[in-house]
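So this one's target-v6.pdb, PDB, C-alpha atoms and all ligand atoms:
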ATOM      1  CA  MET A 209      69.489  82.794  69.266
ATOM      2  CA  GLY A 210      69.440  86.376  68.075
ATOM      3  CA  LYS A 211      70.748  87.435  71.447
ATOM      4  CA  THR A 212      73.676  85.014  71.383
ATOM      5  CA  LEU A 213      74.696  86.167  67.927
ATOM      6  CA  GLY A 214      74.274  89.707  69.075
ATOM      7  CA  VAL A 215      76.674  89.206  71.943
ATOM      8  CA  LEU A 216      79.130  87.491  69.613
ATOM      9  CA  LEU A 217      78.945  90.386  67.173
ATOM     10  CA  PHE A 218      79.332  92.873  69.953
ATOM     11  CA  ILE A 219      82.537  91.122  71.092
ATOM     12  CA  LEU A 220      83.774  91.080  67.499
ATOM     13  CA  LEU A 221      83.103  94.789  67.165
ATOM     14  CA  ILE A 222      84.880  95.642  70.376
ATOM     15  CA  THR A 223      87.839  93.454  69.465
ATOM     16  CA  PHE A 224      88.267  94.930  65.993
ATOM     17  CA  GLY A 225      87.567  98.410  67.210
ATOM     18  CA  CYS A 226      90.314  98.211  69.804
ATOM     19  CA  SER A 227      92.922  96.597  67.622
ATOM     20  CA  SER A 228      92.607  99.218  64.912
ATOM     21  CA  ASN A 229      91.815 102.173  67.171
ATOM     22  CA  SER A 230      89.019 103.057  64.810
ATOM     23  CA  PRO A 231      86.118 104.957  66.335
ATOM     24  CA  VAL A 232      84.345 104.737  62.971
ATOM     25  CA  ILE A 233      83.541 101.066  63.528
ATOM     26  CA  GLN A 234      82.188 101.475  67.022
ATOM     27  CA  GLU A 235      79.952 104.359  66.054
ATOM     28  CA  LYS A 236      78.531 102.848  62.904
ATOM     29  CA  PRO A 237      74.816 102.282  63.676
ATOM     30  CA  GLU A 238      74.158  99.342  61.286
ATOM     31  CA  ASP A 239      76.921  97.359  62.914
ATOM     32  CA  SER A 240      75.603  97.775  66.414
ATOM     33  CA  ASN A 241      72.118  96.732  65.258
ATOM     34  CA  MET A 242      72.437  93.107  66.102
ATOM     35  CA  LYS A 243      69.185  91.675  64.763
ATOM     36  CA  ASN A 244      69.039  89.658  61.547
ATOM     37  CA  HIS A 245      72.785  89.398  61.309
ATOM     38  CA  SER A 246      74.499  86.126  60.678
ATOM     39  CA  VAL A 247      78.093  85.307  61.576
ATOM     40  CA  GLY A 248      78.819  85.717  57.859
ATOM     41  CA  ASN A 249      78.728  89.486  58.201
ATOM     42  CA  THR A 250      82.229  89.404  59.674
ATOM     43  CA  SER A 251      83.214  90.577  56.195
ATOM     44  CA  GLU A 252      81.135  93.712  56.786
ATOM     45  CA  VAL A 253      83.152  94.333  59.940
ATOM     46  CA  ASP A 254      86.364  93.734  58.011
ATOM     47  CA  GLU A 255      85.241  96.181  55.357
ATOM     48  CA  ALA A 256      84.418  98.846  57.918
ATOM     49  CA  GLU A 257      87.742  98.254  59.596
ATOM     50  CA  GLU A 258      89.597  98.600  56.295
ATOM     51  CA  LYS A 259      87.734 101.793  55.541
ATOM     52  CA  ALA A 260      88.587 103.258  58.942
ATOM     53  CA  GLU A 261      92.205 102.268  58.402
ATOM     54  CA  GLU A 262      92.204 104.080  55.036
ATOM     55  CA  VAL A 263      90.698 107.222  56.579
ATOM     56  CA  LYS A 264      93.355 107.167  59.280
ATOM     57  CA  LYS A 265      96.102 106.675  56.686
ATOM     58  CA  ASP A 266      94.810 109.579  54.591
ATOM     59  CA  GLU A 267      94.842 111.821  57.664
ATOM     60  CA  GLN A 268      98.390 110.790  58.562
ATOM     61  CA  ARG A 269      99.548 111.282  54.964
ATOM     62  CA  GLN A 270      97.962 114.721  54.947
ATOM     63  CA  GLY A 271      99.707 115.475  58.243
ATOM     64  CA  ILE A 272     103.110 114.589  56.732
ATOM     65  CA  ASN A 273     102.415 116.797  53.698
ATOM     66  CA  GLU A 274     101.168 119.699  55.814
ATOM     67  CA  LEU A 275     104.252 119.543  58.023
ATOM     68  CA  ALA A 276     106.466 119.681  54.903
ATOM     69  CA  LEU A 277     104.516 122.682  53.618
ATOM     70  CA  GLU A 278     104.709 124.477  56.962
ATOM     71  CA  VAL A 279     108.475 124.018  57.180
ATOM     72  CA  SER A 280     108.954 125.148  53.564
ATOM     73  CA  GLY A 281     107.373 128.474  54.568
ATOM     74  CA  LYS A 282     109.738 128.986  57.509
ATOM     75  CA  VAL A 283     112.834 131.209  57.437
ATOM     76  CA  TYR A 284     116.105 129.769  58.750
ATOM     77  CA  GLY A 285     119.525 131.338  59.369
ATOM     78  CA  ASP A 286     122.889 130.354  57.941
ATOM     79  CA  SER A 287     125.065 127.378  58.774
ATOM     80  CA  SER A 288     128.797 127.525  59.248
ATOM     81  CA  GLN A 289     129.512 123.957  60.272
ATOM     82  CA  PHE A 290     129.154 120.741  58.336
ATOM     83  CA  SER A 291     130.077 117.421  59.951
ATOM     84  CA  GLU A 292     128.838 114.199  61.526
ATOM     85  CA  TYR A 293     128.662 115.817  64.942
ATOM     86  CA  VAL A 294     127.084 119.285  64.570
ATOM     87  CA  SER A 295     124.871 120.562  67.351
ATOM     88  CA  GLY A 296     121.565 118.692  67.634
ATOM     89  CA  VAL A 297     122.820 115.389  66.203
ATOM     90  CA  LYS A 298     122.164 112.518  68.638
ATOM     91  CA  THR A 299     125.017 110.068  69.153
ATOM     92  CA  ARG A 300     124.076 108.135  72.318
ATOM     93  CA  MET A 301     121.215 106.970  74.504
ATOM     94  CA  ASP A 302     121.006 108.832  77.791
ATOM     95  CA  THR A 303     121.408 105.895  80.172
ATOM     96  CA  LYS A 304     123.928 104.176  82.423
ATOM     97  CA  GLU A 305     122.350 100.776  81.784
ATOM     98  CA  LYS A 306     124.491  98.291  79.893
ATOM     99  CA  VAL A 307     122.483  98.650  76.708
ATOM    100  CA  ILE A 308     123.578  99.198  73.113
ATOM    101  CA  SER A 309     121.689 100.163  69.970
ATOM    102  CA  LEU A 310     122.709  98.452  66.749
ATOM    103  CA  THR A 311     121.770 100.735  63.856
ATOM    104  CA  LEU A 312     121.982  99.071  60.457
ATOM    105  CA  ASP A 313     122.057 101.277  57.371
ATOM    106  CA  ALA A 314     120.663 100.138  54.029
ATOM    107  CA  CYS A 315     121.941 102.747  51.583
ATOM    108  CA  GLY A 316     120.623 101.619  48.194
ATOM    109  CA  GLY A 317     121.966 102.884  44.870
ATOM    110  CA  GLU A 318     124.158 101.177  42.319
ATOM    111  CA  PHE A 319     126.685  99.767  44.783
ATOM    112  CA  GLY A 320     124.549  99.651  47.897
ATOM    113  CA  SER A 321     121.412  97.658  47.158
ATOM    114  CA  GLY A 322     122.453  94.226  48.385
ATOM    115  CA  TYR A 323     120.922  92.455  51.373
ATOM    116  CA  ASP A 324     123.131  90.895  54.050
ATOM    117  CA  GLU A 325     120.936  87.940  54.988
ATOM    118  CA  LYS A 326     123.700  86.358  57.087
ATOM    119  CA  LEU A 327     123.717  89.392  59.351
ATOM    120  CA  ILE A 328     119.932  89.591  59.670
ATOM    121  CA  SER A 329     119.542  85.814  60.192
ATOM    122  CA  PHE A 330     122.093  85.930  63.001
ATOM    123  CA  LEU A 331     120.138  88.705  64.734
ATOM    124  CA  ILE A 332     116.831  86.862  64.324
ATOM    125  CA  GLU A 333     118.202  83.507  65.514
ATOM    126  CA  ASN A 334     119.675  85.126  68.621
ATOM    127  CA  ASN A 335     116.751  87.421  69.318
ATOM    128  CA  ILE A 336     118.874  90.580  68.968
ATOM    129  CA  LYS A 337     117.055  93.881  68.440
ATOM    130  CA  ALA A 338     118.220  96.458  65.897
ATOM    131  CA  ASP A 339     117.071  99.735  64.342
ATOM    132  CA  LEU A 340     117.165  99.667  60.535
ATOM    133  CA  PHE A 341     117.894 102.940  58.714
ATOM    134  CA  VAL A 342     116.564 102.379  55.229
ATOM    135  CA  ASN A 343     116.972 104.480  52.085
ATOM    136  CA  ALA A 344     114.138 104.776  49.536
ATOM    137  CA  ARG A 345     116.293 103.238  46.783
ATOM    138  CA  TRP A 346     116.982 100.172  48.931
ATOM    139  CA  ILE A 347     113.269  99.711  49.567
ATOM    140  CA  ASP A 348     112.691  99.652  45.785
ATOM    141  CA  ALA A 349     115.546  97.179  45.238
ATOM    142  CA  GLN A 350     114.658  94.844  48.140
ATOM    143  CA  TYR A 351     110.927  95.311  48.528
ATOM    144  CA  GLU A 352     110.070  91.803  49.762
ATOM    145  CA  ALA A 353     112.897  91.766  52.285
ATOM    146  CA  PHE A 354     111.913  95.241  53.460
ATOM    147  CA  LEU A 355     108.313  94.183  53.980
ATOM    148  CA  GLU A 356     109.356  91.149  55.991
ATOM    149  CA  LEU A 357     111.801  93.121  58.146
ATOM    150  CA  SER A 358     109.198  95.808  58.819
ATOM    151  CA  GLN A 359     106.847  93.162  60.233
ATOM    152  CA  ASN A 360     109.415  91.668  62.602
ATOM    153  CA  PRO A 361     109.153  93.187  66.110
ATOM    154  CA  LEU A 362     112.920  92.743  66.605
ATOM    155  CA  PHE A 363     113.408  95.604  64.165
ATOM    156  CA  THR A 364     112.217  99.180  63.814
ATOM    157  CA  ILE A 365     112.276 100.986  60.473
ATOM    158  CA  GLN A 366     113.933 104.388  60.404
ATOM    159  CA  ASN A 367     114.656 106.855  57.601
ATOM    160  CA  HIS A 368     117.998 106.871  55.746
ATOM    161  CA  GLY A 369     116.949 109.411  53.121
ATOM    162  CA  THR A 370     115.378 109.451  49.688
ATOM    163  CA  LYS A 371     118.447 109.934  47.442
ATOM    164  CA  HIS A 372     121.094 109.278  50.120
ATOM    165  CA  LYS A 373     122.482 112.829  50.236
ATOM    166  CA  PRO A 374     124.296 114.684  53.015
ATOM    167  CA  LEU A 375     122.000 117.422  54.368
ATOM    168  CA  SER A 376     123.091 121.019  53.834
ATOM    169  CA  THR A 377     121.446 124.338  53.014
ATOM    170  CA  SER A 378     124.344 125.212  50.674
ATOM    171  CA  PRO A 379     126.274 123.037  48.199
ATOM    172  CA  ARG A 380     128.891 120.873  49.924
ATOM    173  CA  SER A 381     130.039 117.276  49.722
ATOM    174  CA  ALA A 382     131.075 114.400  51.976
ATOM    175  CA  TRP A 383     132.916 111.258  50.858
ATOM    176  CA  GLY A 384     132.538 112.539  47.293
ATOM    177  CA  ILE A 385     128.732 112.683  47.507
ATOM    178  CA  ALA A 386     127.109 116.033  46.715
ATOM    179  CA  SER A 387     124.817 117.380  49.431
ATOM    180  CA  THR A 388     121.391 118.900  49.190
ATOM    181  CA  SER A 389     121.730 122.660  48.737
ATOM    182  CA  THR A 390     118.301 124.126  49.502
ATOM    183  CA  LYS A 391     115.641 123.872  52.185
ATOM    184  CA  GLU A 392     113.272 122.300  49.652
ATOM    185  CA  GLU A 393     115.794 119.611  48.812
ATOM    186  CA  ILE A 394     116.282 118.842  52.503
ATOM    187  CA  ILE A 395     112.520 118.535  52.965
ATOM    188  CA  GLY A 396     112.319 116.169  49.971
ATOM    189  CA  GLU A 397     115.259 114.102  51.193
ATOM    190  CA  ILE A 398     113.515 113.524  54.529
ATOM    191  CA  MET A 399     109.802 113.591  53.780
ATOM    192  CA  ASP A 400     109.582 111.675  50.490
ATOM    193  CA  ASN A 401     111.027 108.600  52.180
ATOM    194  CA  GLN A 402     109.049 109.313  55.354
ATOM    195  CA  LEU A 403     105.863 109.084  53.286
ATOM    196  CA  LYS A 404     107.073 106.018  51.390
ATOM    197  CA  ILE A 405     107.845 104.134  54.605
ATOM    198  CA  TYR A 406     104.539 105.188  56.149
ATOM    199  CA  ASP A 407     102.593 104.024  53.101
ATOM    200  CA  ILE A 408     104.181 100.575  53.213
ATOM    201  CA  THR A 409     104.438  99.965  56.961
ATOM    202  CA  GLY A 410     101.754 102.178  58.526
ATOM    203  CA  THR A 411     104.354 103.633  60.912
ATOM    204  CA  ILE A 412     106.021 107.047  60.666
ATOM    205  CA  PRO A 413     109.774 106.841  61.410
ATOM    206  CA  LYS A 414     111.025 108.814  64.429
ATOM    207  CA  TYR A 415     114.678 108.964  63.441
ATOM    208  CA  PHE A 416     116.656 110.094  60.398
ATOM    209  CA  ARG A 417     120.253 109.544  59.322
ATOM    210  CA  SER A 418     121.439 111.114  56.069
ATOM    211  CA  GLY A 419     123.528 109.426  53.400
ATOM    212  CA  THR A 420     127.157 109.871  54.674
ATOM    213  CA  ALA A 421     125.775 111.029  58.087
ATOM    214  CA  PHE A 422     126.905 114.643  57.404
ATOM    215  CA  TYR A 423     124.754 117.713  58.186
ATOM    216  CA  ASP A 424     124.923 121.443  58.667
ATOM    217  CA  GLU A 425     123.240 122.866  61.817
ATOM    218  CA  ILE A 426     120.287 124.345  59.943
ATOM    219  CA  SER A 427     119.388 121.041  58.326
ATOM    220  CA  VAL A 428     119.303 119.476  61.801
ATOM    221  CA  GLN A 429     116.843 122.188  62.885
ATOM    222  CA  ILE A 430     114.756 121.617  59.767
ATOM    223  CA  ALA A 431     114.669 117.869  60.484
ATOM    224  CA  GLU A 432     113.463 118.517  64.029
ATOM    225  CA  ASP A 433     110.735 120.821  62.689
ATOM    226  CA  LEU A 434     109.735 117.973  60.378
ATOM    227  CA  GLY A 435     109.270 115.729  63.414
ATOM    228  CA  VAL A 436     112.388 113.545  63.199
ATOM    229  CA  GLN A 437     115.499 113.364  65.354
ATOM    230  CA  ILE A 438     118.871 113.085  63.632
ATOM    231  CA  VAL A 439     120.626 109.960  64.904
ATOM    232  CA  ASN A 440     124.292 109.258  64.242
ATOM    233  CA  PHE A 441     126.570 107.122  66.469
ATOM    234  CA  ASP A 442     129.457 107.047  68.908
ATOM    235  CA  VAL A 443     130.884 103.772  67.580
ATOM    236  CA  ILE A 444     131.730 103.225  63.895
ATOM    237  CA  GLY A 445     131.218  99.476  63.654
ATOM    238  CA  ASP A 446     132.166  98.592  60.083
ATOM    239  CA  GLY A 447     133.564 101.704  58.361
ATOM    240  CA  GLY A 448     130.926 101.714  55.639
ATOM    241  CA  ALA A 449     131.194  97.896  55.409
ATOM    242  CA  THR A 450     134.913  98.118  54.534
ATOM    243  CA  PHE A 451     136.360  96.741  57.800
ATOM    244  CA  THR A 452     137.802  93.256  58.184
ATOM    245  CA  LYS A 453     136.152  90.905  60.668
ATOM    246  CA  GLN A 454     138.845  91.692  63.250
ATOM    247  CA  GLU A 455     138.405  95.456  62.791
ATOM    248  CA  VAL A 456     134.630  95.146  63.245
ATOM    249  CA  VAL A 457     135.150  93.184  66.471
ATOM    250  CA  GLN A 458     137.787  95.593  67.769
ATOM    251  CA  GLU A 459     135.625  98.675  67.114
ATOM    252  CA  MET A 460     132.348  97.199  68.403
ATOM    253  CA  LEU A 461     134.021  96.215  71.674
ATOM    254  CA  LYS A 462     134.627  99.926  72.325
ATOM    255  CA  ALA A 463     130.887 100.294  73.044
ATOM    256  CA  GLN A 464     129.888 101.832  76.390
ATOM    257  CA  PRO A 465     126.517 101.837  78.193
ATOM    258  CA  GLY A 466     124.153 103.816  75.911
ATOM    259  CA  SER A 467     126.313 103.511  72.784
ATOM    260  CA  ILE A 468     124.876 103.701  69.287
ATOM    261  CA  ILE A 469     126.818 101.548  66.795
ATOM    262  CA  ILE A 470     126.577 102.119  63.035
ATOM    263  CA  LEU A 471     126.773  99.063  60.756
ATOM    264  CA  HIS A 472     125.578  98.194  57.246
ATOM    265  CA  MET A 473     123.093  95.539  56.132
ATOM    266  CA  ASN A 474     123.403  96.231  52.398
ATOM    267  CA  GLN A 475     126.865  94.768  51.669
ATOM    268  CA  PRO A 476     126.588  90.957  51.841
ATOM    269  CA  GLU A 477     130.143  90.565  50.493
ATOM    270  CA  SER A 478     131.582  92.448  53.469
ATOM    271  CA  GLU A 479     132.948  90.925  56.685
ATOM    272  CA  THR A 480     130.428  92.869  58.766
ATOM    273  CA  ALA A 481     128.258  89.835  59.644
ATOM    274  CA  GLU A 482     131.207  87.735  60.803
ATOM    275  CA  GLY A 483     132.513  90.571  62.950
ATOM    276  CA  VAL A 484     129.081  91.297  64.426
ATOM    277  CA  LYS A 485     128.604  87.640  65.411
ATOM    278  CA  GLU A 486     131.807  87.575  67.418
ATOM    279  CA  ALA A 487     131.424  91.050  68.929
ATOM    280  CA  VAL A 488     127.783  90.554  69.951
ATOM    281  CA  ALA A 489     128.614  87.271  71.695
ATOM    282  CA  SER A 490     131.426  88.968  73.557
ATOM    283  CA  LEU A 491     129.307  91.998  74.525
ATOM    284  CA  ILE A 492     126.549  89.714  75.832
ATOM    285  CA  GLU A 493     129.164  87.925  77.947
ATOM    286  CA  GLN A 494     130.106  91.325  79.371
ATOM    287  CA  GLY A 495     126.472  91.832  80.409
ATOM    288  CA  PHE A 496     125.279  94.105  77.584
ATOM    289  CA  SER A 497     121.916  93.787  75.902
ATOM    290  CA  PHE A 498     120.624  95.267  72.638
ATOM    291  CA  VAL A 499     117.699  97.680  72.639
ATOM    292  CA  HIS A 500     115.666  99.991  70.415
ATOM    293  CA  LEU A 501     116.457 103.705  70.355
ATOM    294  CA  GLN A 502     112.803 104.585  70.888
ATOM    295  CA  ASP A 503     112.907 103.150  74.422
ATOM    296  CA  TYR A 504     115.473 105.741  75.589
ATOM    297  CA  GLU A 505     116.074 109.484  75.552
ATOM    298  CA  LEU A 506     118.826 110.350  73.091
ATOM    299  CA  GLU A 507     121.673 112.767  73.665
TER     300      GLU A 507
HETATM  301 ZN    ZN A 601     124.129 104.989  53.784
END

Represent the supplied structure as structure tokens.
Amino acid sequence: MGKTLGVLLFILLITFGCSSNSPVIQEKPEDSNMKNHSVGNTSEVDEAEEKAEEVKKDEQRQGINELALEVSGKVYGDSSQFSEYVSGVKTRMDTKEKVISLTLDACGGEFGSGYDEKLISFLIENNIKADLFVNARWIDAQYEAFLELSQNPLFTIQNHGTKHKPLSTSPRSAWGIASTSTKEEIIGEIMDNQLKIYDITGTIPKYFRSGTAFYDEISVQIAEDLGVQIVNFDVIGDGGATFTKQEVVQEMLKAQPGSIIILHMNQPESETAEGVKEAVASLIEQGFSFVHLQDYELE
């Protein structure tokens, strides 16, 4: 009897150990001592697993903070350019395959905290992948929706900034929005939301897009040093959610193999969803499929 339970426990330990990647569980001596244990001690395993998960999270959190500190001590040069397409900004996937990335921004703020459920439901019902670029203010406004989206494998969560500012090392503005103006502000704009997303989802975003998608070259370098790639687009799908359905369709159909399309998921009153439905159907007919950025090299 003891032996059977022992084997069962051993399997449990291996299973949990693998799924959480936690060496702590496998090495813990009490847990591998199989005598006198009943099946009820699964909770002990759960507890150990939770603890290992916490330790791992603390280490990752510390890593994010250390990276921010390291970059804040670095010296950078001056920037002369400020645009959506400065050197280092990624705008396409490096592939000839007929694949497209749909990137959906969720900007947050007073006029940008809605949730376009029609758009998301369409993607889910048709099994269409997308990368979601989410701002910290949107997460606060739509916490439940965010949590649900982050758990759906059709979507990845990426970073759309903390206060939704253009990134610059000196004061500038884009679309009437004031930029960051110091290295410290740039670090905060990227890393505060990086940490927030990690704390909620357990995954550190790989990609960053600023509010307005404007940058100077130094801020792109700083972002890379902070471990994120700056991802913009080669197709403007909905013009900040201002396009009519027909305009959305017309623009999205300009996509080429490897294109990155920018759209918005935070303006439910817009015609974005209707346009996306028609354009996606048409692109699928043309042989395109929709993929995640992380599965390709970006250029
Ligand atoms: Zn935005």

Item checked: Among listed residues A:Gln502, A:Thr388, A:Ser329, A:Ser478, nearest Ala353 of chain A (using only C-alpha atoms) ->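 With only C-alpha atoms as the atom set, the closest residue is A:Ser329.
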
Next item on the list: Spell out the residues picked by the PyMOL selection byres (((chain A and resi 289) around 12) and not hetatm) here, as a PyMOL selection string.
Entry: chain A and resi 286-288+290-295+375-378+380+422-428

Can you write just those residues out, C-alpha atoms, as a PDB file, in the coordinates of the input?
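Dumped to selection.pdb:
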ATOM      1  CA  ASP A 286     122.889 130.354  57.941  1.00  0.00           C
ATOM      2  CA  SER A 287     125.065 127.378  58.774  1.00  0.00           C
ATOM      3  CA  SER A 288     128.797 127.525  59.248  1.00  0.00           C
ATOM      4  CA  PHE A 290     129.154 120.741  58.336  1.00  0.00           C
ATOM      5  CA  SER A 291     130.077 117.421  59.951  1.00  0.00           C
ATOM      6  CA  GLU A 292     128.838 114.199  61.526  1.00  0.00           C
ATOM      7  CA  TYR A 293     128.662 115.817  64.942  1.00  0.00           C
ATOM      8  CA  VAL A 294     127.084 119.285  64.570  1.00  0.00           C
ATOM      9  CA  SER A 295     124.871 120.562  67.351  1.00  0.00           C
ATOM     10  CA  LEU A 375     122.000 117.422  54.368  1.00  0.00           C
ATOM     11  CA  SER A 376     123.091 121.019  53.834  1.00  0.00           C
ATOM     12  CA  THR A 377     121.446 124.338  53.014  1.00  0.00           C
ATOM     13  CA  SER A 378     124.344 125.212  50.674  1.00  0.00           C
ATOM     14  CA  ARG A 380     128.891 120.873  49.924  1.00  0.00           C
ATOM     15  CA  PHE A 422     126.905 114.643  57.404  1.00  0.00           C
ATOM     16  CA  TYR A 423     124.754 117.713  58.186  1.00  0.00           C
ATOM     17  CA  ASP A 424     124.923 121.443  58.667  1.00  0.00           C
ATOM     18  CA  GLU A 425     123.240 122.866  61.817  1.00  0.00           C
ATOM     19  CA  ILE A 426     120.287 124.345  59.943  1.00  0.00           C
ATOM     20  CA  SER A 427     119.388 121.041  58.326  1.00  0.00           C
ATOM     21  CA  VAL A 428     119.303 119.476  61.801  1.00  0.00           C
TER      22      VAL A 428
END

Check: So, counting only C-alpha atoms, which residue among A:Ala338, A:Leu471, A:Ile332, A:Ala260 is closest to Ser309 of chain A?
Finding: A:Ala338

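Contacts with ligand ZN 601 (chain A) are defined as any residue atom within 7 Å of a ligand atom, using all atoms listed in the file; the residues meeting this criterion are A:Asp313, A:Ala314, A:Cys315, A:His368, A:His372, A:Gly419, A:Thr420.
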
Next item on the list: May I have the residues within 10 Å of Ala449 of chain A as a VMD selection string, using only C-alpha atoms and disregarding those fewer than 4 positions away in the same chain?
Entry: chain A and resid 313 445 456 470 to 481

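Between Gly396 of chain A and the residues A:Gly410, A:Gly271, A:Pro379, A:Gly369, the shortest atom-to-atom distance, using all atoms listed in the file, involves A:Gly369.
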
Notebook entry, point to check: Between A:Asp324, A:Glu482, A:Asp442, A:Asp266, which is the closest to Arg300 of chain A once you count all atoms listed in the file?
Noted result: A:Asp442

Next item on the list: Would you mind telling me which residue in A:Asp407, A:Ala344, A:Leu434, A:Phe354 lies nearest to Glu261 of chain A when using all atoms listed in the file?
Entry: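 Distance minimum relative to Glu261 of chain A lands on A:Asp407.
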
Item checked: Minimum-distance residue to Ile444 of chain A, chosen among A:Ala421, A:Ile430, A:Ile469, A:Ile398 (using only C-alpha atoms) -> A:Ile469

Margin query: What's around Phe341 of chain A at 8 Å? Count all atoms listed in the file, leave out sequence neighbours fewer than 4 positions away in its own chain, and write the answer as a PyMOL selection string.
Written below: chain A and resi 311-314+365-368+416-417

Next item on the list: Using the chain letters and residue numbers of this document, give as a list in words the residues selected by the PyMOL selection byres (((chain A and resi 345-350) around 8) and not hetatm).
Entry: Ala314, Cys315, Gly316, Gly317, Gly320, Ser321, Gly322, Tyr323, Val342, Asn343, Ala344, Tyr351, Glu352, Ala353, Phe354, Thr370 and Lys371 of chain A

Note to self: When the PyMOL selection byres (((chain A and resi 298) around 7) and not hetatm) is applied to the structure above, which residues does it catch, written out as a PyMOL selection string?
What the structure shows: chain A and resi 296-297+299-300+438-440+506-507

Next item on the list: Using atom CA of Tyr406 of chain A and atom CA of Leu357 of chain A as the two end points, give the distance in Å to one decimal.
Entry: 14.2 Å

Please return the centre and edge lengths, in Å to one decimal, of a box with edges along x, y and z that contains all listed atoms of segment 307-319 of chain A, widened by 4 Å on every side, as JSON.
{"center_x": 123.7, "center_y": 100.7, "center_z": 59.5, "size_x": 14.1, "size_y": 12.4, "size_z": 42.4}

Item checked: Within 9 Å of Ile408 of chain A using all atoms listed in the file, minus same-chain residues under 5 positions, as a PyMOL selection string -> chain A and resi 355+358+403

Next item on the list: State, in Å with one decimal place, the distance from atom CA of Lys485 of chain A to atom CA of Glu455 of chain A.
Entry: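 Rounded to one decimal, the two atoms are 12.8 Å apart.
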
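Atom pair atom CA of Tyr415 of chain A / atom CA of Gln402 of chain A: separated by 9.9 Å.
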